[in-house]
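The next block is query_16.tsv, given as TSV, C-alpha atoms and all ligand atoms.
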chain	number	residue	atom	x	y	z
X	242	MET	CA	7.14	-43.28	-50.72
X	243	ALA	CA	3.69	-44.60	-49.79
X	244	VAL	CA	0.76	-44.30	-52.19
X	245	TYR	CA	-1.85	-42.13	-50.47
X	246	LEU	CA	-5.39	-43.39	-51.11
X	247	ASP	CA	-7.26	-41.71	-48.27
X	248	HIS	CA	-8.42	-38.40	-49.76
X	249	ASN	CA	-11.81	-38.53	-48.05
X	250	ALA	CA	-9.97	-38.33	-44.74
X	251	SER	CA	-7.83	-35.40	-45.87
X	252	THR	CA	-6.25	-34.16	-49.08
X	253	PRO	CA	-2.65	-33.01	-49.51
X	254	LEU	CA	-2.26	-29.22	-49.38
X	255	HIS	CA	-2.29	-27.87	-52.93
X	256	PRO	CA	1.05	-26.13	-53.69
X	257	GLU	CA	-0.75	-22.94	-54.79
X	258	VAL	CA	-2.65	-22.96	-51.50
X	259	LEU	CA	0.65	-23.09	-49.62
X	260	ASP	CA	1.90	-20.14	-51.71
X	261	ALA	CA	-1.23	-18.18	-50.82
X	262	MET	CA	-0.72	-18.88	-47.10
X	263	LEU	CA	3.01	-18.26	-46.78
X	264	PRO	CA	2.98	-14.42	-46.83
X	265	PHE	CA	0.67	-14.46	-43.80
X	266	LEU	CA	2.91	-16.86	-41.92
X	267	GLN	CA	6.18	-15.18	-42.84
X	268	ALA	CA	5.83	-11.45	-43.28
X	269	ALA	CA	2.36	-10.22	-42.40
X	270	HIS	CA	1.61	-9.38	-38.78
X	271	GLY	CA	-1.09	-7.71	-36.75
X	272	ASN	CA	-4.74	-8.38	-36.06
X	273	ALA	CA	-7.44	-8.21	-38.70
X	274	SER	CA	-9.61	-6.21	-36.27
X	275	SER	CA	-7.06	-3.40	-35.99
X	276	LEU	CA	-7.72	-0.24	-37.95
X	277	HIS	CA	-4.10	0.42	-38.95
X	278	ARG	CA	-2.58	-0.53	-42.30
X	279	SER	CA	-1.37	-3.99	-41.17
X	280	GLY	CA	-4.79	-4.83	-39.76
X	281	ARG	CA	-6.55	-3.64	-42.89
X	282	PHE	CA	-4.24	-5.78	-45.03
X	283	LEU	CA	-5.26	-8.89	-43.08
X	284	ARG	CA	-8.93	-7.90	-43.18
X	285	SER	CA	-8.89	-7.56	-46.95
X	286	ALA	CA	-7.27	-11.02	-47.29
X	287	ILE	CA	-10.02	-12.52	-45.10
X	288	GLU	CA	-12.76	-10.83	-47.09
X	289	GLN	CA	-11.20	-12.03	-50.34
X	290	ALA	CA	-11.26	-15.59	-48.96
X	291	ARG	CA	-14.91	-15.14	-47.99
X	292	ALA	CA	-15.76	-14.08	-51.55
X	293	GLN	CA	-13.82	-17.06	-52.98
X	294	VAL	CA	-15.67	-19.52	-50.76
X	295	ALA	CA	-19.02	-17.90	-51.55
X	296	GLU	CA	-18.34	-18.12	-55.27
X	297	LEU	CA	-17.46	-21.81	-55.07
X	298	VAL	CA	-20.89	-22.70	-53.70
X	299	ASN	CA	-23.00	-19.92	-55.28
X	300	ALA	CA	-23.66	-18.08	-52.03
X	301	ARG	CA	-23.17	-14.44	-51.02
X	302	PRO	CA	-20.02	-13.50	-49.08
X	303	GLU	CA	-22.02	-12.32	-46.06
X	304	GLN	CA	-23.57	-15.80	-45.86
X	305	VAL	CA	-20.14	-17.36	-45.22
X	306	MET	CA	-19.25	-17.84	-41.56
X	307	PHE	CA	-15.73	-19.20	-41.16
X	308	THR	CA	-15.19	-22.05	-38.70
X	309	SER	CA	-12.36	-24.36	-37.67
X	310	GLY	CA	-13.68	-26.97	-40.13
X	311	GLY	CA	-16.59	-29.29	-40.80
X	312	SER	CA	-17.03	-30.46	-37.21
X	313	GLU	CA	-17.47	-26.94	-35.86
X	314	ALA	CA	-19.80	-25.98	-38.70
X	315	ASN	CA	-21.98	-29.03	-38.00
X	316	ASN	CA	-22.01	-28.29	-34.27
X	317	THR	CA	-22.97	-24.67	-34.92
X	318	ALA	CA	-25.77	-25.73	-37.25
X	319	ILE	CA	-27.34	-27.94	-34.58
X	320	LYS	CA	-26.59	-25.94	-31.44
X	321	GLY	CA	-26.74	-22.43	-32.81
X	322	PHE	CA	-30.28	-22.11	-34.07
X	323	LEU	CA	-32.82	-23.93	-31.99
X	324	SER	CA	-34.39	-24.07	-28.58
X	325	SER	CA	-34.11	-27.19	-26.43
X	326	SER	CA	-37.53	-28.49	-27.44
X	327	ALA	CA	-36.91	-28.74	-31.17
X	328	ASN	CA	-37.93	-31.64	-33.37
X	329	PHE	CA	-34.99	-32.80	-35.50
X	330	LEU	CA	-35.08	-35.12	-38.50
X	331	SER	CA	-31.81	-36.49	-39.86
X	332	SER	CA	-30.20	-39.62	-41.24
X	333	PRO	CA	-28.34	-42.34	-39.33
X	334	ILE	CA	-25.40	-42.19	-41.77
X	335	GLU	CA	-24.31	-38.65	-40.88
X	336	HIS	CA	-20.76	-37.89	-39.77
X	337	ALA	CA	-20.01	-38.16	-36.04
X	338	SER	CA	-19.74	-34.36	-35.82
X	339	LEU	CA	-23.46	-34.16	-36.66
X	340	LEU	CA	-24.58	-37.21	-34.70
X	341	GLY	CA	-22.77	-35.98	-31.56
X	342	PRO	CA	-24.60	-32.64	-31.27
X	343	LEU	CA	-27.89	-34.35	-32.18
X	344	ALA	CA	-27.37	-36.74	-29.24
X	345	GLN	CA	-26.70	-33.72	-27.01
X	346	ALA	CA	-29.87	-32.03	-28.27
X	347	GLN	CA	-31.82	-35.18	-27.44
X	348	GLN	CA	-30.39	-35.23	-23.92
X	349	SER	CA	-31.57	-31.68	-23.40
X	350	GLY	CA	-35.17	-32.38	-24.35
X	351	SER	CA	-35.34	-32.28	-28.15
X	352	THR	CA	-36.70	-35.15	-30.18
X	353	VAL	CA	-34.62	-36.68	-32.95
X	354	ASP	CA	-36.12	-38.88	-35.66
X	355	TRP	CA	-34.21	-40.79	-38.31
X	356	LEU	CA	-34.78	-41.39	-42.01
X	357	GLU	CA	-34.55	-44.89	-43.43
X	358	ILE	CA	-31.50	-45.81	-45.51
X	359	ASN	CA	-31.84	-48.40	-48.26
X	360	GLU	CA	-29.38	-51.23	-48.99
X	361	HIS	CA	-27.50	-48.96	-51.44
X	362	GLY	CA	-26.75	-46.38	-48.75
X	363	VAL	CA	-29.24	-43.77	-49.96
X	364	VAL	CA	-32.18	-42.23	-48.11
X	365	ASP	CA	-35.41	-44.06	-49.03
X	366	LEU	CA	-37.31	-41.23	-50.74
X	367	ALA	CA	-40.83	-42.58	-50.39
X	368	ALA	CA	-40.36	-43.28	-46.68
X	369	ALA	CA	-38.68	-39.88	-46.22
X	370	ARG	CA	-41.63	-38.07	-47.83
X	371	SER	CA	-44.16	-39.67	-45.55
X	372	ARG	CA	-41.99	-39.12	-42.44
X	373	MET	CA	-41.53	-35.49	-43.35
X	374	ASP	CA	-45.29	-35.11	-43.71
X	375	SER	CA	-46.15	-36.74	-40.42
X	376	LEU	CA	-43.32	-35.32	-38.32
X	377	GLN	CA	-43.23	-31.72	-39.61
X	378	PRO	CA	-39.72	-31.18	-38.21
X	379	ASP	CA	-38.27	-27.84	-37.05
X	380	PHE	CA	-34.87	-28.86	-38.34
X	381	PHE	CA	-33.90	-31.26	-41.10
X	382	SER	CA	-30.28	-32.24	-41.75
X	383	LEU	CA	-29.02	-34.52	-44.52
X	384	GLN	CA	-25.47	-34.90	-45.82
X	385	LEU	CA	-24.85	-34.32	-49.52
X	386	ALA	CA	-22.46	-37.25	-49.93
X	387	ASN	CA	-21.41	-39.97	-47.55
X	388	ASN	CA	-17.77	-40.05	-46.46
X	389	GLU	CA	-17.58	-43.86	-46.42
X	390	THR	CA	-19.58	-45.07	-49.43
X	391	GLY	CA	-19.54	-41.80	-51.40
X	392	ALA	CA	-23.30	-42.24	-52.03
X	393	ILE	CA	-24.97	-38.97	-53.03
X	394	GLN	CA	-28.18	-38.12	-51.16
X	395	PRO	CA	-31.34	-36.44	-52.55
X	396	VAL	CA	-30.79	-33.24	-50.56
X	397	GLY	CA	-32.41	-30.76	-52.99
X	398	GLU	CA	-35.60	-32.77	-53.30
X	399	LEU	CA	-36.00	-33.31	-49.57
X	400	ALA	CA	-35.01	-29.73	-48.72
X	401	ARG	CA	-37.81	-28.41	-50.94
X	402	LEU	CA	-40.22	-30.85	-49.39
X	403	ALA	CA	-39.20	-29.88	-45.84
X	404	HIS	CA	-39.88	-26.23	-46.66
X	405	GLN	CA	-43.22	-27.05	-48.29
X	406	VAL	CA	-44.79	-29.51	-45.87
X	407	SER	CA	-43.93	-27.83	-42.64
X	408	LEU	CA	-46.52	-25.48	-41.25
X	409	LYS	CA	-43.78	-24.16	-38.97
X	410	THR	CA	-40.51	-22.79	-40.31
X	411	CYS	CA	-38.22	-25.75	-40.94
X	412	LEU	CA	-34.50	-25.01	-41.10
X	413	VAL	CA	-32.69	-27.28	-43.55
X	414	HIS	CA	-29.00	-28.09	-43.19
X	415	SER	CA	-26.71	-30.14	-45.40
X	416	ASP	CA	-23.23	-31.35	-44.55
X	417	ALA	CA	-21.53	-30.94	-47.94
X	418	THR	CA	-18.03	-31.63	-46.56
X	419	GLN	CA	-17.36	-34.61	-48.83
X	420	ALA	CA	-19.11	-33.27	-51.90
X	421	ILE	CA	-17.30	-29.96	-52.34
X	422	GLY	CA	-14.51	-30.14	-54.89
X	423	LYS	CA	-15.75	-33.52	-56.16
X	424	ILE	CA	-19.19	-32.66	-57.53
X	425	GLU	CA	-20.96	-29.39	-58.33
X	426	VAL	CA	-22.48	-27.88	-55.18
X	427	ASP	CA	-24.89	-24.96	-55.46
X	428	PHE	CA	-26.19	-23.55	-52.19
X	429	GLU	CA	-29.07	-21.69	-53.88
X	430	GLN	CA	-30.18	-24.60	-56.02
X	431	LEU	CA	-30.13	-27.06	-53.13
X	432	ASP	CA	-32.63	-24.82	-51.32
X	433	VAL	CA	-30.96	-25.39	-47.94
X	434	ASP	CA	-30.66	-22.79	-45.18
X	435	LEU	CA	-27.34	-23.97	-43.80
X	436	MET	CA	-24.45	-25.83	-45.38
X	437	THR	CA	-21.18	-27.20	-44.00
X	438	LEU	CA	-17.84	-27.30	-45.81
X	439	SER	CA	-14.26	-28.09	-44.84
X	440	GLY	CA	-11.09	-26.91	-46.60
X	441	HIS	CA	-8.85	-29.93	-46.07
X	442	LYS	CA	-11.19	-32.11	-48.12
X	443	PHE	CA	-10.42	-30.11	-51.28
X	444	GLY	CA	-6.75	-29.17	-51.17
X	445	GLY	CA	-7.02	-26.53	-48.44
X	446	PRO	CA	-5.49	-26.42	-44.97
X	447	GLN	CA	-6.79	-28.44	-42.03
X	448	ALA	CA	-8.86	-26.62	-39.39
X	449	ALA	CA	-10.45	-24.14	-41.82
X	450	GLY	CA	-14.02	-24.46	-43.01
X	451	ALA	CA	-17.32	-22.65	-43.10
X	452	LEU	CA	-21.00	-22.76	-42.31
X	453	ILE	CA	-22.99	-21.09	-45.07
X	454	ILE	CA	-26.02	-19.39	-43.53
X	455	LYS	CA	-28.91	-18.29	-45.71
X	456	GLN	CA	-30.92	-16.23	-43.30
X	457	THR	CA	-29.86	-13.01	-41.75
X	458	GLN	CA	-30.52	-14.51	-38.33
X	459	VAL	CA	-27.46	-15.03	-36.16
X	460	PRO	CA	-26.73	-18.41	-34.55
X	461	VAL	CA	-26.15	-18.49	-30.82
X	462	PRO	CA	-22.35	-18.48	-31.02
X	463	LEU	CA	-20.44	-21.52	-29.77
X	464	ILE	CA	-17.66	-19.07	-28.91
X	465	SER	CA	-18.89	-15.69	-27.68
X	466	GLY	CA	-17.17	-12.52	-26.56
X	467	GLY	CA	-16.04	-10.95	-29.81
X	468	HIS	CA	-17.46	-9.23	-32.85
X	469	GLN	CA	-15.66	-11.43	-35.41
X	470	GLU	CA	-17.66	-13.19	-38.13
X	471	ALA	CA	-20.47	-10.66	-37.64
X	472	GLY	CA	-20.84	-11.69	-34.00
X	473	ARG	CA	-21.36	-15.31	-34.96
X	474	ARG	CA	-17.97	-16.62	-33.79
X	475	ALA	CA	-15.59	-14.78	-31.48
X	476	GLY	CA	-11.81	-14.94	-31.68
X	477	THR	CA	-9.00	-13.46	-33.73
X	478	GLU	CA	-9.08	-14.90	-37.23
X	479	ASN	CA	-6.25	-17.08	-38.53
X	480	THR	CA	-5.58	-15.16	-41.73
X	481	ALA	CA	-3.13	-17.68	-43.20
X	482	LEU	CA	-5.61	-20.54	-42.85
X	483	LEU	CA	-8.45	-18.49	-44.30
X	484	ALA	CA	-6.33	-17.27	-47.22
X	485	GLY	CA	-5.50	-20.93	-47.90
X	486	LEU	CA	-9.16	-21.93	-47.69
X	487	GLY	CA	-10.06	-19.15	-50.13
X	488	LYS	CA	-7.37	-20.21	-52.61
X	489	ALA	CA	-8.47	-23.85	-52.37
X	490	ALA	CA	-12.05	-22.74	-53.08
X	491	GLU	CA	-10.88	-20.80	-56.13
X	492	LEU	CA	-8.95	-23.83	-57.42
X	493	ALA	CA	-11.84	-26.21	-56.73
X	494	ARG	CA	-13.99	-24.32	-59.24
X	495	ILE	CA	-11.49	-24.90	-62.03
X	496	ASN	CA	-11.62	-28.00	-64.26
X	497	LEU	CA	-14.20	-29.80	-62.14
X	498	LEU	CA	-15.38	-31.95	-65.06
X	499	GLU	CA	-11.84	-32.98	-66.01
X	500	ARG	CA	-11.05	-33.87	-62.42
X	501	GLN	CA	-14.26	-35.86	-62.10
X	502	SER	CA	-13.59	-37.89	-65.22
X	503	TYR	CA	-9.96	-38.56	-64.23
X	504	LEU	CA	-11.00	-39.82	-60.78
X	505	LEU	CA	-13.84	-41.86	-62.24
X	506	GLU	CA	-11.44	-43.49	-64.66
X	507	LEU	CA	-9.16	-44.52	-61.79
X	508	ARG	CA	-12.08	-45.92	-59.83
X	509	ARG	CA	-13.46	-47.84	-62.80
X	510	LEU	CA	-10.06	-49.35	-63.46
X	511	PHE	CA	-9.81	-50.34	-59.80
X	512	GLU	CA	-13.33	-51.74	-59.45
X	513	ARG	CA	-13.24	-53.62	-62.75
X	514	GLN	CA	-10.35	-55.68	-61.44
X	515	LEU	CA	-11.52	-55.72	-57.84
X	516	SER	CA	-14.86	-57.25	-58.81
X	517	GLN	CA	-13.01	-60.24	-60.31
X	518	ILE	CA	-11.90	-61.25	-56.82
X	519	GLU	CA	-14.32	-63.91	-55.64
X	520	GLY	CA	-16.83	-62.80	-53.03
X	521	VAL	CA	-15.94	-59.11	-53.04
X	522	GLN	CA	-18.75	-56.66	-52.28
X	523	ILE	CA	-18.55	-53.04	-53.39
X	524	PHE	CA	-20.90	-50.90	-51.33
X	525	SER	CA	-23.26	-48.40	-53.02
X	526	GLU	CA	-22.02	-49.63	-56.39
X	527	ALA	CA	-25.48	-49.32	-57.97
X	528	VAL	CA	-26.10	-45.66	-57.08
X	529	GLU	CA	-24.58	-42.30	-57.91
X	530	ARG	CA	-21.40	-41.91	-55.89
X	531	LEU	CA	-18.54	-39.46	-55.48
X	532	PRO	CA	-16.22	-40.23	-58.40
X	533	ASN	CA	-13.18	-40.92	-56.20
X	534	THR	CA	-14.65	-43.28	-53.60
X	535	SER	CA	-14.66	-47.07	-53.48
X	536	PHE	CA	-15.77	-48.87	-50.32
X	537	PHE	CA	-15.56	-52.65	-50.42
X	538	ALA	CA	-15.20	-55.80	-48.34
X	539	LEU	CA	-13.67	-59.20	-48.92
X	540	PRO	CA	-15.67	-61.80	-46.98
X	541	PHE	CA	-12.56	-63.57	-45.71
X	542	TYR	CA	-10.29	-60.65	-44.78
X	543	HIS	CA	-10.75	-58.45	-41.70
X	544	GLY	CA	-10.71	-54.80	-42.73
X	545	GLU	CA	-8.16	-53.59	-40.20
X	546	THR	CA	-5.83	-56.52	-40.91
X	547	LEU	CA	-6.02	-55.83	-44.63
X	548	LEU	CA	-5.49	-52.15	-43.97
X	549	MET	CA	-2.31	-52.80	-41.97
X	550	GLN	CA	-0.97	-55.19	-44.58
X	551	LEU	CA	-1.68	-52.71	-47.36
X	552	ASP	CA	0.04	-50.06	-45.27
X	553	GLN	CA	3.12	-52.29	-44.93
X	554	ALA	CA	3.06	-52.79	-48.69
X	555	GLY	CA	2.97	-49.00	-49.19
X	556	PHE	CA	-0.73	-48.21	-49.72
X	557	GLU	CA	-2.55	-45.89	-47.32
X	558	CYS	CA	-6.31	-46.59	-47.23
X	559	ALA	CA	-9.01	-46.45	-44.54
X	560	SER	CA	-11.27	-48.93	-42.81
X	561	GLY	CA	-14.73	-47.45	-42.35
X	562	SER	CA	-14.37	-43.71	-41.89
X	563	ALA	CA	-11.01	-42.32	-40.80
X	564	CYS	CA	-12.59	-40.74	-37.73
X	565	GLN	CA	-13.39	-44.26	-36.48
X	566	SER	CA	-9.92	-45.71	-36.99
X	567	GLY	CA	-8.86	-47.86	-34.11
X	568	VAL	CA	-12.47	-48.59	-33.12
X	569	THR	CA	-13.43	-52.10	-34.10
X	570	THR	CA	-17.20	-51.73	-34.07
X	571	PRO	CA	-18.70	-52.01	-37.57
X	572	SER	CA	-19.31	-48.83	-39.52
X	573	HIS	CA	-22.60	-47.18	-38.52
X	574	VAL	CA	-23.16	-46.42	-42.21
X	575	LEU	CA	-22.98	-50.08	-43.23
X	576	SER	CA	-25.16	-51.06	-40.26
X	577	ALA	CA	-27.81	-48.55	-41.40
X	578	MET	CA	-27.65	-50.18	-44.85
X	579	GLY	CA	-28.42	-53.56	-43.28
X	580	ILE	CA	-24.97	-55.04	-43.94
X	581	ALA	CA	-24.18	-57.90	-41.55
X	582	ASP	CA	-21.55	-57.09	-38.92
X	583	GLU	CA	-19.20	-59.87	-40.12
X	584	LEU	CA	-18.98	-58.34	-43.58
X	585	ALA	CA	-19.05	-54.72	-42.35
X	586	LEU	CA	-15.98	-55.40	-40.19
X	587	ASN	CA	-14.07	-56.29	-43.35
X	588	ALA	CA	-14.75	-52.98	-45.09
X	589	VAL	CA	-11.89	-50.97	-46.59
X	590	ARG	CA	-12.18	-47.58	-48.26
X	591	VAL	CA	-10.02	-46.36	-51.11
X	592	SER	CA	-10.47	-42.67	-51.96
X	593	PHE	CA	-8.47	-41.41	-54.91
X	594	GLY	CA	-6.97	-37.97	-55.50
X	595	MET	CA	-5.52	-36.15	-58.47
X	596	GLU	CA	-1.95	-37.25	-57.78
X	597	ASN	CA	-2.88	-40.95	-58.05
X	598	THR	CA	-2.18	-42.78	-61.30
X	599	ALA	CA	-3.44	-45.81	-63.24
X	600	GLU	CA	-0.10	-47.48	-62.55
X	601	GLN	CA	-0.68	-47.15	-58.80
X	602	VAL	CA	-4.13	-48.70	-59.21
X	603	GLU	CA	-2.58	-51.68	-61.03
X	604	GLN	CA	-0.01	-52.03	-58.25
X	605	LEU	CA	-2.73	-51.89	-55.62
X	606	ILE	CA	-4.68	-54.66	-57.34
X	607	GLU	CA	-1.54	-56.79	-57.67
X	608	THR	CA	-0.85	-56.29	-53.96
X	609	LEU	CA	-4.41	-57.21	-53.02
X	610	LYS	CA	-4.23	-60.40	-55.08
X	611	HIS	CA	-0.86	-61.25	-53.56
X	612	LEU	CA	-2.17	-60.77	-50.01
X	613	ILE	CA	-5.24	-62.90	-50.74
X	614	ASN	CA	-3.10	-65.67	-52.23
X	615	GLN	CA	-1.05	-65.76	-49.07
X	616	LEU	CA	-4.12	-66.65	-47.00
X	617	PRO	CA	-4.53	-70.35	-46.21
X	618	ALA	CA	-6.59	-71.91	-49.03
X	619	ALA	CA	-9.17	-73.25	-46.55
X	620	MET	CA	-9.89	-69.73	-45.34
X	621	ARG	CA	-10.51	-68.46	-48.84
X	622	ARG	CA	-12.77	-71.42	-49.67
X	623	VAL	CA	-14.87	-71.02	-46.53
X	624	ALA	CA	-15.89	-67.56	-47.55
X	625	CYS	CA	-16.32	-67.87	-51.29
V	701	LIG	C1	-19.09	-35.77	-43.99
V	701	LIG	C2	-18.14	-35.12	-43.04
V	701	LIG	N1	-18.57	-34.13	-42.24
V	701	LIG	C3	-17.77	-33.51	-41.37
V	701	LIG	C4	-16.44	-33.86	-41.25
V	701	LIG	C5	-15.58	-33.15	-40.26
V	701	LIG	O1	-14.76	-32.20	-40.91
V	701	LIG	P1	-13.45	-31.63	-40.20
V	701	LIG	O2	-12.41	-32.70	-40.29
V	701	LIG	O3	-13.09	-30.43	-41.01
V	701	LIG	O4	-13.82	-31.28	-38.81
V	701	LIG	C6	-15.93	-34.90	-42.05
V	701	LIG	C7	-14.53	-35.35	-41.92
V	701	LIG	O5	-14.17	-36.45	-42.23
V	701	LIG	C8	-16.81	-35.53	-42.97
V	701	LIG	O6	-16.38	-36.51	-43.77
Could you render the structure from this file as structure tokens?
Amino acid sequence: MAVYLDHNASTPLHPEVLDAMLPFLQAAHGNASSLHRSGRFLRSAIEQARAQVAELVNARPEQVMFTSGGSEANNTAIKGFLSSSANFLSSPIEHASLLGPLAQAQQSGSTVDWLEINEHGVVDLAAARSRMDSLQPDFFSLQLANNETGAIQPVGELARLAHQVSLKTCLVHSDATQAIGKIEVDFEQLDVDLMTLSGHKFGGPQAAGALIIKQTQVPVPLISGGHQEAGRRAGTENTALLAGLGKAAELARINLLERQSYLLELRRLFERQLSQIEGVQIFSEAVERLPNTSFFALPFYHGETLLMQLDQAGFECASGSACQSGVTTPSHVLSAMGIADELALNAVRVSFGMENTAEQVEQLIETLKHLINQLPAAMRRVAC
């Protein structure tokens, strides 16, 4: 059985989440919009899930709009609230599902400006403050944690600033997809207006997520023609998926500190030994990161080659972000950090989960050393 080390791409479904979903796949039937008993049963399960998600992030249930995951929530945040002449400010290290709609907004007449990222993969605060002042954006979007490096961004600080400096109303959005379940996330405290989350990143089912919306205003729906989600998203709800998302949210609130320290211990063990390999670079090592994420490059080993060889040896990792797999351009995150293409193309990401063990980390290190030793000596020398 392969050792799965790609939890930032997707986490295994938690067994209790499966248990929460099964009744809706096996026995329950009907439509949550129907007024009869079966419909009401589904409705109450959906509303329970909404309350569970709200509680996880310290929001109110009516602020939770369910979506098909992080990508839809990000698209709704960008496309659902603004006219075509808006002025957006964001970061170049956002996920593709945020960069895509921003590019579309630009094509339809909006302006999009970008924050500077420092060499550690974090927004440069001083530069961000002055940009915020001079640009006075209508919409500011910054991820809470990066999916590749795990670097945590100063969202709260910049959200407050965006609300203060702007003479107009500035909507603030944060993509918290990677942060939820790994670090404490508090919608109120962050002072954002919109926040994205996705269930399959914290033990829930794939294709279930939410956009948390502070204001009572309704986004222009991406899917119209139905009253579901308070008119914000039409279509019959998938009760099983939402019940699973709700259960995952409930579980994510439990033992967060214990989970963080377990994951951190695995990463420290891994990086302590990894850093003994000559020439290795661990990205964002010097800043606060998600506890489970390690993104590194060996100067003499192409990332996708290493990835395939690790896969053959029974270790499932990622090169760059999983959404870019198969594309051999360097990671846009590493490029924004000023990492040279030759090194960026060698990047491999290991993202741990709760089922991983110290023994697996030791085996991974042994495998890495073995693979490196198999390289022709000249190749290793050239790079070191
Ligand atoms: C930061 C971030 N945002 C959004 C998404 C998209 O989420 P989903 O897979 O639920 O569409 C991902 C997925 O990798 C992500 O890492």
Distance table requested - chain X against ligand LIG 701 (chain V), cut-off 10 Å, only C-alpha atoms and all ligand atoms: one row per qualifying residue with the closest atom pair and its distance in Å to one decimal, ordered by chain and rising residue number, as CSV.
residue,atom,partner,partner_atom,distance
X:His248,CA,V:LIG701,O5,9.7
X:Asn249,CA,V:LIG701,O6,6.6
X:Ala250,CA,V:LIG701,O5,5.2
X:Ser251,CA,V:LIG701,O5,7.4
X:Thr308,CA,V:LIG701,O3,8.9
X:Ser309,CA,V:LIG701,O3,7.0
X:Gly310,CA,V:LIG701,O3,3.6
X:Gly311,CA,V:LIG701,O1,3.4
X:Ser312,CA,V:LIG701,O4,3.7
X:Glu313,CA,V:LIG701,O4,6.4
X:Ala314,CA,V:LIG701,O4,8.0
X:Asn315,CA,V:LIG701,C3,7.0
X:Asn316,CA,V:LIG701,C3,9.8
X:Ile334,CA,V:LIG701,C1,9.3
X:Glu335,CA,V:LIG701,C1,6.7
X:His336,CA,V:LIG701,N1,5.0
X:Ala337,CA,V:LIG701,C3,7.4
X:Ser338,CA,V:LIG701,C3,6.0
X:Leu339,CA,V:LIG701,C3,7.4
X:Gln384,CA,V:LIG701,C1,6.7
X:Leu385,CA,V:LIG701,C1,8.1
X:Ala386,CA,V:LIG701,C1,7.0
X:Asn387,CA,V:LIG701,C1,6.0
X:Asn388,CA,V:LIG701,O6,4.7
X:Glu389,CA,V:LIG701,O6,7.9
X:Gly391,CA,V:LIG701,C1,9.6
X:Ser415,CA,V:LIG701,C1,9.6
X:Asp416,CA,V:LIG701,N1,5.9
X:Ala417,CA,V:LIG701,C1,6.7
X:Thr418,CA,V:LIG701,C2,5.0
X:Gln419,CA,V:LIG701,C1,5.3
X:Ala420,CA,V:LIG701,C1,8.3
X:Thr437,CA,V:LIG701,N1,7.6
X:Leu438,CA,V:LIG701,O3,7.4
X:Ser439,CA,V:LIG701,O3,4.6
X:Gly440,CA,V:LIG701,O3,6.9
X:His441,CA,V:LIG701,O3,6.6
X:Lys442,CA,V:LIG701,O3,7.5
X:Pro446,CA,V:LIG701,O3,9.5
X:Gln447,CA,V:LIG701,O3,6.7
X:Ala448,CA,V:LIG701,O3,5.9
X:Ala449,CA,V:LIG701,O3,6.9
X:Gly450,CA,V:LIG701,O3,6.4
X:Ala451,CA,V:LIG701,O3,9.1
X:Ser562,CA,V:LIG701,O5,7.3
X:Ala563,CA,V:LIG701,O5,6.8
X:Cys564,CA,V:LIG701,O5,6.4
X:Gln565,CA,V:LIG701,O5,9.7
Residues near region 350-364 of chain X, cut-off 9 Å, only C-alpha atoms, skip fewer than 3 positions along chain, as number ranges by chain = X: 324-334, 343-347, 367-369, 372, 376, 378, 387, 390-395, 524-528, 574-575, 577-580
Preceding selection exported with C-alpha atoms as a short mmCIF file (atom, residue, chain, number, x, y, z; two decimals), in the frame of the given file:
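Here's the written file again39.cif:
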data_model
loop_
_atom_site.label_atom_id
_atom_site.label_comp_id
_atom_site.auth_asym_id
_atom_site.auth_seq_id
_atom_site.Cartn_x
_atom_site.Cartn_y
_atom_site.Cartn_z
CA SER X 324 -34.39 -24.07 -28.58
CA SER X 325 -34.11 -27.19 -26.43
CA SER X 326 -37.53 -28.49 -27.44
CA ALA X 327 -36.91 -28.74 -31.17
CA ASN X 328 -37.93 -31.64 -33.37
CA PHE X 329 -34.99 -32.80 -35.50
CA LEU X 330 -35.08 -35.12 -38.50
CA SER X 331 -31.81 -36.49 -39.86
CA SER X 332 -30.20 -39.62 -41.24
CA PRO X 333 -28.34 -42.34 -39.33
CA ILE X 334 -25.40 -42.19 -41.77
CA LEU X 343 -27.89 -34.35 -32.18
CA ALA X 344 -27.37 -36.74 -29.24
CA GLN X 345 -26.70 -33.72 -27.01
CA ALA X 346 -29.87 -32.03 -28.27
CA GLN X 347 -31.82 -35.18 -27.44
CA ALA X 367 -40.83 -42.58 -50.39
CA ALA X 368 -40.36 -43.28 -46.68
CA ALA X 369 -38.68 -39.88 -46.22
CA ARG X 372 -41.99 -39.12 -42.44
CA LEU X 376 -43.32 -35.32 -38.32
CA PRO X 378 -39.72 -31.18 -38.21
CA ASN X 387 -21.41 -39.97 -47.55
CA THR X 390 -19.58 -45.07 -49.43
CA GLY X 391 -19.54 -41.80 -51.40
CA ALA X 392 -23.30 -42.24 -52.03
CA ILE X 393 -24.97 -38.97 -53.03
CA GLN X 394 -28.18 -38.12 -51.16
CA PRO X 395 -31.34 -36.44 -52.55
CA PHE X 524 -20.90 -50.90 -51.33
CA SER X 525 -23.26 -48.40 -53.02
CA GLU X 526 -22.02 -49.63 -56.39
CA ALA X 527 -25.48 -49.32 -57.97
CA VAL X 528 -26.10 -45.66 -57.08
CA VAL X 574 -23.16 -46.42 -42.21
CA LEU X 575 -22.98 -50.08 -43.23
CA ALA X 577 -27.81 -48.55 -41.40
CA MET X 578 -27.65 -50.18 -44.85
CA GLY X 579 -28.42 -53.56 -43.28
CA ILE X 580 -24.97 -55.04 -43.94
#
Surrounding residues of Val413 (chain X) excluding itself and chain neighbours under 4 positions, 8 Å, only C-alpha atoms, as a list in words |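 My list of contacting residues is Phe380, Phe381, Ser382, Ala400, Ala403, His404, Val433, Asp434 and Leu435 of chain X.
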Could you please determine the separation between CA of Ala481 (chain X) and CA of Pro460 (chain X) in Å, to one decimal place?
->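 Those two atoms sit 25.1 Å apart.
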